[in-house]
file start_36.txt (compact mmCIF, C-alpha atoms)
# COMPACT_ATOMS: atom_id res chain seq x y z
CA MET A 347 52.70 77.32 107.92
CA THR A 348 56.44 76.74 107.84
CA PRO A 349 58.88 79.66 108.06
CA ALA A 350 59.81 79.11 104.42
CA SER A 351 56.21 79.20 103.21
CA GLN A 352 55.47 82.15 105.48
CA ALA A 353 58.36 84.02 103.91
CA ALA A 354 57.12 83.09 100.44
CA ALA A 355 53.62 84.30 101.27
CA SER A 356 54.98 87.56 102.62
CA SER A 357 56.99 87.95 99.44
CA ASP A 358 53.91 87.35 97.27
CA LEU A 359 51.93 89.90 99.28
CA ALA A 360 54.69 92.48 98.85
CA VAL A 361 54.82 91.91 95.09
CA ASN A 362 51.05 92.16 94.69
CA SER A 363 50.69 95.27 96.82
CA ALA A 364 53.76 97.05 95.41
CA PRO A 365 54.61 95.69 91.95
CA HIS A 366 57.51 98.05 91.43
CA ALA A 367 59.23 97.18 94.73
CA LEU A 368 60.62 93.95 93.28
CA HIS A 369 63.04 95.90 91.09
CA ALA A 370 63.94 98.59 93.61
CA PRO A 371 67.49 98.14 94.95
CA ALA A 372 67.92 97.86 98.68
CA PRO A 373 69.08 101.13 100.25
CA GLY A 374 72.85 101.32 100.02
CA ALA A 375 73.14 98.09 98.02
CA THR A 376 75.28 99.67 95.30
CA ALA A 377 77.55 101.36 97.82
CA THR A 378 77.95 98.08 99.71
CA LEU A 379 78.81 96.23 96.48
CA ILE A 380 81.43 98.81 95.54
CA HIS A 381 82.87 98.71 99.06
CA ASP A 382 83.05 94.91 99.01
CA LEU A 383 84.73 94.85 95.60
CA ARG A 384 87.29 97.39 96.80
CA GLU A 385 87.95 95.28 99.88
CA LEU A 386 88.11 91.94 98.07
CA PHE A 387 90.60 93.17 95.48
CA LYS A 388 92.53 95.36 97.96
CA VAL A 389 92.27 98.49 95.84
CA LYS A 390 94.50 100.54 98.18
CA VAL A 391 97.33 98.01 97.89
CA VAL A 392 96.78 97.70 94.14
CA SER A 393 96.99 101.49 93.82
CA LEU A 394 100.41 101.51 95.47
CA VAL A 395 101.65 98.73 93.17
CA VAL A 396 100.30 100.53 90.09
CA VAL A 397 101.77 103.90 91.06
CA THR A 398 105.22 102.44 91.71
CA GLY A 399 104.89 100.36 88.53
CA TRP A 400 104.22 103.60 86.66
CA GLY A 401 107.40 105.05 88.14
CA GLY A 402 109.41 102.04 87.02
CA PHE A 403 107.94 102.15 83.51
CA TYR A 404 108.53 105.89 83.21
CA LEU A 405 112.15 105.68 84.31
CA GLY A 406 112.82 102.63 82.14
CA SER A 407 111.23 104.29 79.14
CA MET A 408 113.45 107.33 79.54
CA GLN A 409 116.45 105.03 79.29
CA SER A 410 115.04 103.66 76.04
CA GLY A 411 113.96 106.96 74.53
CA ILE A 412 110.31 105.81 74.48
CA SER A 413 107.43 108.14 75.31
CA THR A 414 105.46 107.00 78.35
CA LEU A 415 102.32 108.42 76.75
CA GLN A 416 102.19 105.43 74.43
CA ARG A 417 99.62 102.69 75.01
CA GLY A 418 102.21 100.39 76.51
CA LEU A 419 102.06 102.26 79.82
CA LEU A 420 98.33 101.78 80.28
CA ASP A 421 98.50 98.13 79.21
CA THR A 422 101.34 97.49 81.63
CA LEU A 423 99.57 99.10 84.55
CA LEU A 424 96.32 97.30 83.77
CA GLY A 425 98.06 93.92 83.70
CA ILE A 426 100.02 94.59 86.87
CA GLY A 427 96.89 95.88 88.60
CA LEU A 428 94.84 92.82 87.65
CA ILE A 429 97.44 90.36 88.93
CA SER A 430 97.85 92.34 92.13
CA ALA A 431 94.08 92.45 92.62
CA GLY A 432 93.82 88.72 91.99
CA ALA A 433 96.52 88.00 94.56
CA GLY A 434 94.66 90.18 97.07
CA ALA A 435 91.45 88.23 96.57
CA LEU A 436 93.21 84.87 96.92
CA ASN A 437 94.93 86.14 100.06
CA GLN A 438 91.56 86.94 101.58
CA ALA A 439 90.18 83.55 100.56
CA LEU A 440 92.99 81.89 102.51
CA GLU A 441 92.73 84.25 105.47
CA ARG A 442 88.94 84.56 105.78
CA SER A 443 88.84 82.87 109.21
CA THR A 444 91.82 84.88 110.43
CA ASP A 445 90.34 88.13 109.12
CA ALA A 446 87.09 87.35 110.93
CA ARG A 447 88.93 87.47 114.28
CA MET A 448 90.46 90.90 113.70
CA LYS A 449 88.45 94.08 114.20
CA ARG A 450 90.00 95.93 111.27
CA THR A 451 89.33 93.11 108.78
CA ALA A 452 86.19 91.44 110.16
CA ASP A 453 83.96 93.40 107.79
CA ARG A 454 85.67 92.14 104.63
CA PRO A 455 83.17 90.36 102.36
CA LEU A 456 84.62 86.86 102.76
CA ALA A 457 85.43 87.20 106.46
CA SER A 458 81.96 88.51 107.28
CA GLY A 459 80.24 85.82 105.22
CA ARG A 460 78.49 88.29 102.90
CA TRP A 461 80.20 86.60 99.95
CA PRO A 462 80.93 82.88 99.59
CA LEU A 463 84.45 81.51 99.38
CA SER A 464 83.91 80.59 95.72
CA ILE A 465 83.64 84.29 94.79
CA GLY A 466 87.05 85.00 96.27
CA ILE A 467 88.69 82.03 94.55
CA ILE A 468 87.06 82.57 91.16
CA GLY A 469 87.60 86.33 91.30
CA GLY A 470 91.22 85.93 92.38
CA LEU A 471 92.14 83.31 89.81
CA GLY A 472 90.21 85.11 87.09
CA ALA A 473 91.86 88.48 87.70
CA THR A 474 95.30 86.88 87.92
CA ALA A 475 94.82 84.91 84.69
CA LEU A 476 93.45 87.94 82.82
CA GLY A 477 96.34 90.09 84.03
CA ALA A 478 98.88 87.48 82.93
CA VAL A 479 97.33 87.18 79.46
CA TRP A 480 97.20 90.97 79.14
CA LEU A 481 100.85 91.36 80.08
CA MET A 482 101.82 88.56 77.70
CA LEU A 483 100.03 90.33 74.85
CA TYR A 484 101.37 93.81 75.51
CA THR A 485 104.68 93.47 77.36
CA ASN A 486 107.07 90.52 77.49
CA LEU A 487 107.59 87.09 79.01
CA LEU A 488 109.96 88.38 81.70
CA THR A 489 107.35 90.78 83.07
CA VAL A 490 104.65 88.10 83.05
CA SER A 491 106.92 85.63 84.82
CA LEU A 492 107.97 88.12 87.49
CA ALA A 493 104.37 89.22 88.07
CA LEU A 494 103.14 85.65 88.50
CA LEU A 495 106.10 84.81 90.76
CA THR A 496 105.23 87.85 92.87
CA ALA A 497 101.62 86.70 93.22
CA PHE A 498 102.74 83.17 94.08
CA VAL A 499 105.12 84.30 96.83
CA TYR A 500 102.49 86.61 98.29
CA VAL A 501 99.65 84.08 98.30
CA ALA A 502 101.36 80.71 98.72
CA ILE A 503 104.35 81.59 100.92
CA TYR A 504 103.85 84.88 102.76
CA THR A 505 100.15 84.39 103.61
CA PRO A 506 100.43 81.03 105.42
CA LEU A 507 103.83 81.92 106.89
CA LYS A 508 102.32 84.78 108.91
CA ARG A 509 100.85 82.24 111.32
CA VAL A 510 104.20 80.49 111.74
CA THR A 511 106.98 83.05 112.13
CA SER A 512 107.62 86.79 112.34
CA MET A 513 110.09 86.32 109.47
CA ALA A 514 107.03 86.40 107.22
CA THR A 515 107.36 90.19 107.17
CA PHE A 516 110.79 89.90 105.54
CA ILE A 517 109.48 87.39 102.97
CA GLY A 518 106.45 89.54 102.26
CA ALA A 519 108.64 92.55 101.54
CA PHE A 520 109.85 90.90 98.32
CA PRO A 521 106.48 90.81 96.53
CA GLY A 522 105.68 94.16 98.12
CA ALA A 523 108.66 95.76 96.36
CA MET A 524 108.07 94.38 92.86
CA GLY A 525 105.95 97.21 91.45
CA PRO A 526 108.76 99.36 89.96
CA MET A 527 110.69 96.27 88.85
CA LEU A 528 107.68 95.11 86.81
CA GLY A 529 107.28 98.56 85.29
CA TRP A 530 110.95 98.66 84.36
CA THR A 531 111.01 95.21 82.75
CA ALA A 532 107.85 96.05 80.80
CA ALA A 533 109.62 99.08 79.34
CA ARG A 534 113.10 97.60 78.94
CA GLY A 535 112.59 93.84 78.66
CA ARG A 536 115.39 93.01 81.11
CA ILE A 537 116.47 93.39 84.74
CA GLU A 538 119.10 96.10 85.20
CA TRP A 539 120.79 97.75 88.17
CA PRO A 540 118.52 100.83 88.18
CA ALA A 541 115.53 98.47 88.42
CA VAL A 542 117.21 96.72 91.36
CA ALA A 543 117.72 100.13 92.99
CA LEU A 544 114.01 100.94 92.64
CA PHE A 545 113.15 97.52 94.07
CA ALA A 546 115.51 98.17 97.01
CA ILE A 547 113.81 101.47 97.80
CA LEU A 548 110.42 99.78 98.08
CA PHE A 549 111.88 96.85 99.99
CA VAL A 550 113.56 98.97 102.67
CA TRP A 551 110.69 101.49 102.94
CA GLN A 552 108.26 98.77 103.98
CA PHE A 553 109.83 97.94 107.35
CA PRO A 554 109.30 101.18 109.33
CA HIS A 555 105.93 101.45 107.57
CA PHE A 556 104.85 97.95 108.52
CA MET A 557 106.32 98.03 112.03
CA SER A 558 104.05 100.99 112.76
CA ILE A 559 101.05 99.00 111.47
CA ALA A 560 102.08 95.88 113.38
CA TRP A 561 102.40 97.84 116.62
CA LEU A 562 99.16 99.74 116.06
CA TYR A 563 97.18 96.52 115.51
CA ARG A 564 99.22 94.13 117.66
CA ASP A 565 96.19 93.10 119.73
CA ASP A 566 94.30 92.26 116.54
CA TYR A 567 97.20 90.19 115.23
CA ALA A 568 97.55 88.37 118.54
CA ARG A 569 93.84 87.57 118.59
CA ALA A 570 94.10 86.08 115.10
CA GLY A 571 97.26 84.08 115.85
CA ILE A 572 99.40 86.04 113.39
CA ARG A 573 103.00 86.05 114.58
CA MET A 574 104.05 89.60 113.86
CA LEU A 575 107.09 90.94 115.69
CA PRO A 576 105.15 92.96 118.31
CA VAL A 577 103.12 89.81 119.08
CA VAL A 578 106.12 87.50 119.42
CA GLN A 579 108.16 90.07 121.37
CA PRO A 580 105.60 92.40 122.99
CA ASP A 581 108.08 94.60 124.86
CA GLY A 582 108.61 96.58 121.64
CA TRP A 583 112.41 96.50 121.55
CA SER A 584 112.70 94.32 118.44
CA THR A 585 110.00 96.35 116.69
CA VAL A 586 111.85 99.60 117.33
CA VAL A 587 115.28 98.21 116.40
CA GLU A 588 114.01 96.82 113.10
CA ALA A 589 112.20 100.03 112.21
CA LEU A 590 115.27 102.16 113.04
CA PHE A 591 117.68 99.91 111.15
CA TYR A 592 115.73 100.19 107.92
CA ALA A 593 114.96 103.89 108.36
CA VAL A 594 118.71 104.58 108.58
CA LEU A 595 119.34 102.29 105.60
CA MET A 596 116.65 104.13 103.64
CA ILE A 597 118.84 107.20 103.17
CA PRO A 598 121.74 105.60 101.24
CA VAL A 599 119.38 103.23 99.42
CA SER A 600 117.24 106.15 98.24
CA LEU A 601 120.36 107.73 96.72
CA ALA A 602 121.14 104.67 94.58
CA PRO A 603 119.22 105.92 91.48
CA TRP A 604 121.32 109.09 91.48
CA ARG A 605 124.55 107.13 91.93
CA LEU A 606 123.56 104.99 88.94
CA GLY A 607 123.00 108.05 86.76
CA LEU A 608 119.24 107.68 86.61
CA THR A 609 118.56 111.17 87.98
CA SER A 610 120.16 114.57 88.27
CA VAL A 611 121.83 115.75 91.48
CA ALA A 612 118.63 117.66 92.31
CA TYR A 613 117.07 114.34 93.26
CA ALA A 614 119.80 113.69 95.83
CA PHE A 615 119.26 117.10 97.41
CA ALA A 616 115.56 116.24 97.85
CA ALA A 617 115.96 112.57 98.80
CA VAL A 618 118.27 113.20 101.75
CA PRO A 619 115.94 115.57 103.67
CA LEU A 620 112.98 113.34 102.89
CA GLY A 621 114.88 110.38 104.30
CA LEU A 622 115.88 112.37 107.37
CA VAL A 623 112.24 113.23 108.07
CA TYR A 624 111.33 109.56 107.75
CA LEU A 625 114.16 108.68 110.13
CA ALA A 626 113.14 111.40 112.60
CA TYR A 627 109.62 110.03 112.87
CA THR A 628 111.00 106.51 113.26
CA ILE A 629 113.22 107.73 116.12
CA ARG A 630 110.14 109.38 117.59
CA PHE A 631 108.32 106.04 117.19
CA ALA A 632 110.93 104.54 119.55
CA ARG A 633 109.21 106.39 122.39
CA ILE A 634 106.65 103.55 122.45
CA LEU A 635 109.16 101.84 124.76
CA ARG A 636 108.39 104.35 127.51
CA ALA A 637 104.93 105.55 126.53
CA LYS A 638 102.81 106.38 129.56
CA SER A 639 99.55 105.23 128.02
CA GLU A 640 98.18 103.11 125.21
CA ASP A 641 96.80 106.25 123.54
CA GLU A 642 100.27 107.80 123.45
CA SER A 643 101.77 104.59 122.08
CA ARG A 644 99.14 104.36 119.35
CA LYS A 645 99.61 108.01 118.39
CA LEU A 646 103.35 107.50 117.92
CA ALA A 647 102.71 104.50 115.67
CA ARG A 648 99.98 106.27 113.74
CA ASP A 649 102.18 109.33 113.13
CA LEU A 650 104.95 107.15 111.67
CA LEU A 651 102.39 105.38 109.50
CA LYS A 652 101.11 108.70 108.12
CA VAL A 653 104.64 109.94 107.37
CA SER A 654 105.57 106.66 105.66
CA VAL A 655 102.52 106.91 103.41
CA LEU A 656 103.50 110.45 102.42
CA TYR A 657 107.20 109.74 102.06
CA LEU A 658 107.02 107.12 99.31
CA PRO A 659 104.94 109.05 96.73
CA LEU A 660 106.98 112.18 97.40
CA LEU A 661 110.20 110.26 96.79
CA PHE A 662 108.92 108.65 93.60
CA THR A 663 107.52 111.93 92.31
CA THR A 664 110.94 113.50 92.86
CA LEU A 665 112.56 110.55 91.07
CA MET A 666 110.36 111.06 88.03
CA LEU A 667 110.75 114.84 87.98
CA CYS A 668 114.54 114.61 88.22
CA ALA A 669 114.99 111.64 85.89
CA ARG A 670 117.58 111.96 83.12
CA ALA A 671 116.97 110.55 79.67
CA LYS A 672 119.66 108.31 78.25
CA GLY A 673 122.03 110.34 76.15
call {"tool": "encode", "arguments": {"input": "start_36.txt", "output": "structure tokens"}}
result
Amino acid sequence: MTPASQAAASSDLAVNSAPHALHAPAPGATATLIHDLRELFKVKVVSLVVVTGWGGFYLGSMQSGISTLQRGLLDTLLGIGLISAGAGALNQALERSTDARMKRTADRPLASGRWPLSIGIIGGLGATALGAVWLMLYTNLLTVSLALLTAFVYVAIYTPLKRVTSMATFIGAFPGAMGPMLGWTAARGRIEWPAVALFAILFVWQFPHFMSIAWLYRDDYARAGIRMLPVVQPDGWSTVVEALFYAVLMIPVSLAPWRLGLTSVAYAFAAVPLGLVYLAYTIRFARILRAKSEDESRKLARDLLKVSVLYLPLLFTTLMLCARAKG
């Protein structure tokens, strides 16, 4: 009896002896499916894009005298979220072999082989197309164009560039900062200086945040052949200098919405101390240059990562609470 026929016979025996077992889900199958969907569509990244898109829509709507409780907000966030999710899936389709070599990504559905490549491509293209159609129906052509351009840069330029040069981080910061810009254009129908200011906040914030990630997982990146700054220059000096430069820049950039009249002065009084805390943890991160152990080095990077993840929503919440409606 061949292995295939033996398996078939075993299956028949199981069905005959336990007729209801055929329809019983495997233990944990639903949880695994949900986990894989979350991983494929990068739900954590999508959540950040959607939250910052909400901030951009809210602030833009206040300049137009439009209530953000209208359906346009939900339609905008749904469209942005779908395109972002689609780009995440396509990114994983391109990077499945790279992801398989990194510990933190090896369990992703495409990298692990649980799902075929076709699922990633079809899911990615489908979500992107649906998001574009949705935005076209409920927002405007500018928002659709910017959203698709963002997805293109992320998938077609940033993703392959990571294996070529450390400058990929700078290129990737552009699509990473588009959330509030998309929300603003959906509400206002045009690019304006306050939208550029919101974009700049996201753009600058990413560098200390990502340098902490790049340092924390530098061995993983090196194993996969991804040329992040700590891989190309492993002594850490360039990583620290880049993180510090943008952490210092974060303070004046975060004040731009107030300078443009988008918020009250109360926002400035909150933004400065928040920026100083972010800077303080980035200065503390510089101690990786003389860390006595790998554990100490990783703790410094992880602490900066945690602070960066807290800083951004706190800043955007303050922005929204202190926003001034157009007179």
call {"tool": "residues_around", "arguments": {"input": "start_36.txt", "residues": "range 551-557 of chain A", "least_positions_apart": "5", "cutoff": "6 Å", "atoms": "only C-alpha atoms", "output": "MDAnalysis selection string"}}
result
chainID A and resid 589 651 654
call {"tool": "residues_around", "arguments": {"input": "start_36.txt", "residues": "Glu538 in chain A", "least_positions_apart": "6", "cutoff": "12 Å", "atoms": "all atoms listed in the file", "output": "list in words"}}
result
Gly402, Leu405, Gly406, Gln409, Pro526, Met527, Leu528, Trp530, Thr531, Leu544, Phe545, Pro603, Leu606 and Leu608 of chain A
call {"tool": "atom_distance", "arguments": {"input": "start_36.txt", "atom1": "CA of Leu420 in chain A", "atom2": "CA of Lys672 in chain A"}}
result
22.4 Å
call {"tool": "atom_distance", "arguments": {"input": "start_36.txt", "atom1": "CA of Leu456 in chain A", "atom2": "CA of Leu386 in chain A"}}
result
7.7 Å
call {"tool": "axis_aligned_box", "arguments": {"input": "start_36.txt", "around": "range 656-667 of chain A", "padding_each_side": "4 Å", "output": "JSON"}}
result
{"center_x": 108.0, "center_y": 111.0, "center_z": 95.2, "size_x": 17.1, "size_y": 15.7, "size_z": 22.4}
call {"tool": "atom_distance", "arguments": {"input": "start_36.txt", "atom1": "CA of Glu441 in chain A", "atom2": "CA of Thr496 in chain A"}}
result
18.1 Å
call {"tool": "closest_residue", "arguments": {"input": "start_36.txt", "among": "A:Ile517, A:Ala433, A:Leu424, A:Met596", "to": "Val479 in chain A", "atoms": "all atoms listed in the file"}}
result
A:Leu424
call {"tool": "residues_near_point", "arguments": {"input": "start_36.txt", "point": "(91.7, 94.9, 114.5)", "cutoff": "7 Å", "atoms": "all atoms listed in the file", "output": "ChimeraX atom specification"}}
result
/A:448-451,563,566
call {"tool": "residues_around", "arguments": {"input": "start_36.txt", "residues": "Ala493 in chain A", "least_positions_apart": "3", "cutoff": "8 Å", "atoms": "only C-alpha atoms", "output": "PyMOL selection string"}}
result
chain A and resi 426+429+478+489-490+496-497+524+528
call {"tool": "closest_residue", "arguments": {"input": "start_36.txt", "among": "A:Met574, A:Ala533, A:Leu488, A:Val618", "to": "Gly518 in chain A", "atoms": "all atoms listed in the file"}}
result
A:Met574
call {"tool": "residues_around", "arguments": {"input": "start_36.txt", "residues": "Leu656 in chain A", "least_positions_apart": "6", "cutoff": "10 Å", "atoms": "all atoms listed in the file", "output": "list in words"}}
result
Leu620, Tyr624 and Leu650 of chain A
call {"tool": "write_last_selection", "arguments": {"input": "start_36.txt", "atoms": "C-alpha atoms", "output": "compact mmCIF listing (two decimals), in the coordinates of the input"}}
result
# COMPACT_ATOMS: atom_id res chain seq x y z
CA LEU A 620 112.98 113.34 102.89
CA TYR A 624 111.33 109.56 107.75
CA LEU A 650 104.95 107.15 111.67
call {"tool": "closest_residue", "arguments": {"input": "start_36.txt", "among": "A:Ala647, A:Gly466, A:Trp480, A:Ala616", "to": "Arg564 in chain A", "atoms": "only C-alpha atoms"}}
result
A:Ala647
call {"tool": "residues_around", "arguments": {"input": "start_36.txt", "residues": "Ser643 in chain A", "least_positions_apart": "6", "cutoff": "10 Å", "atoms": "all atoms listed in the file", "output": "list in words"}}
result
Trp561, Leu562, Phe631, Ala632, Arg633, Ile634, Leu635, Arg636 and Ala637 of chain A
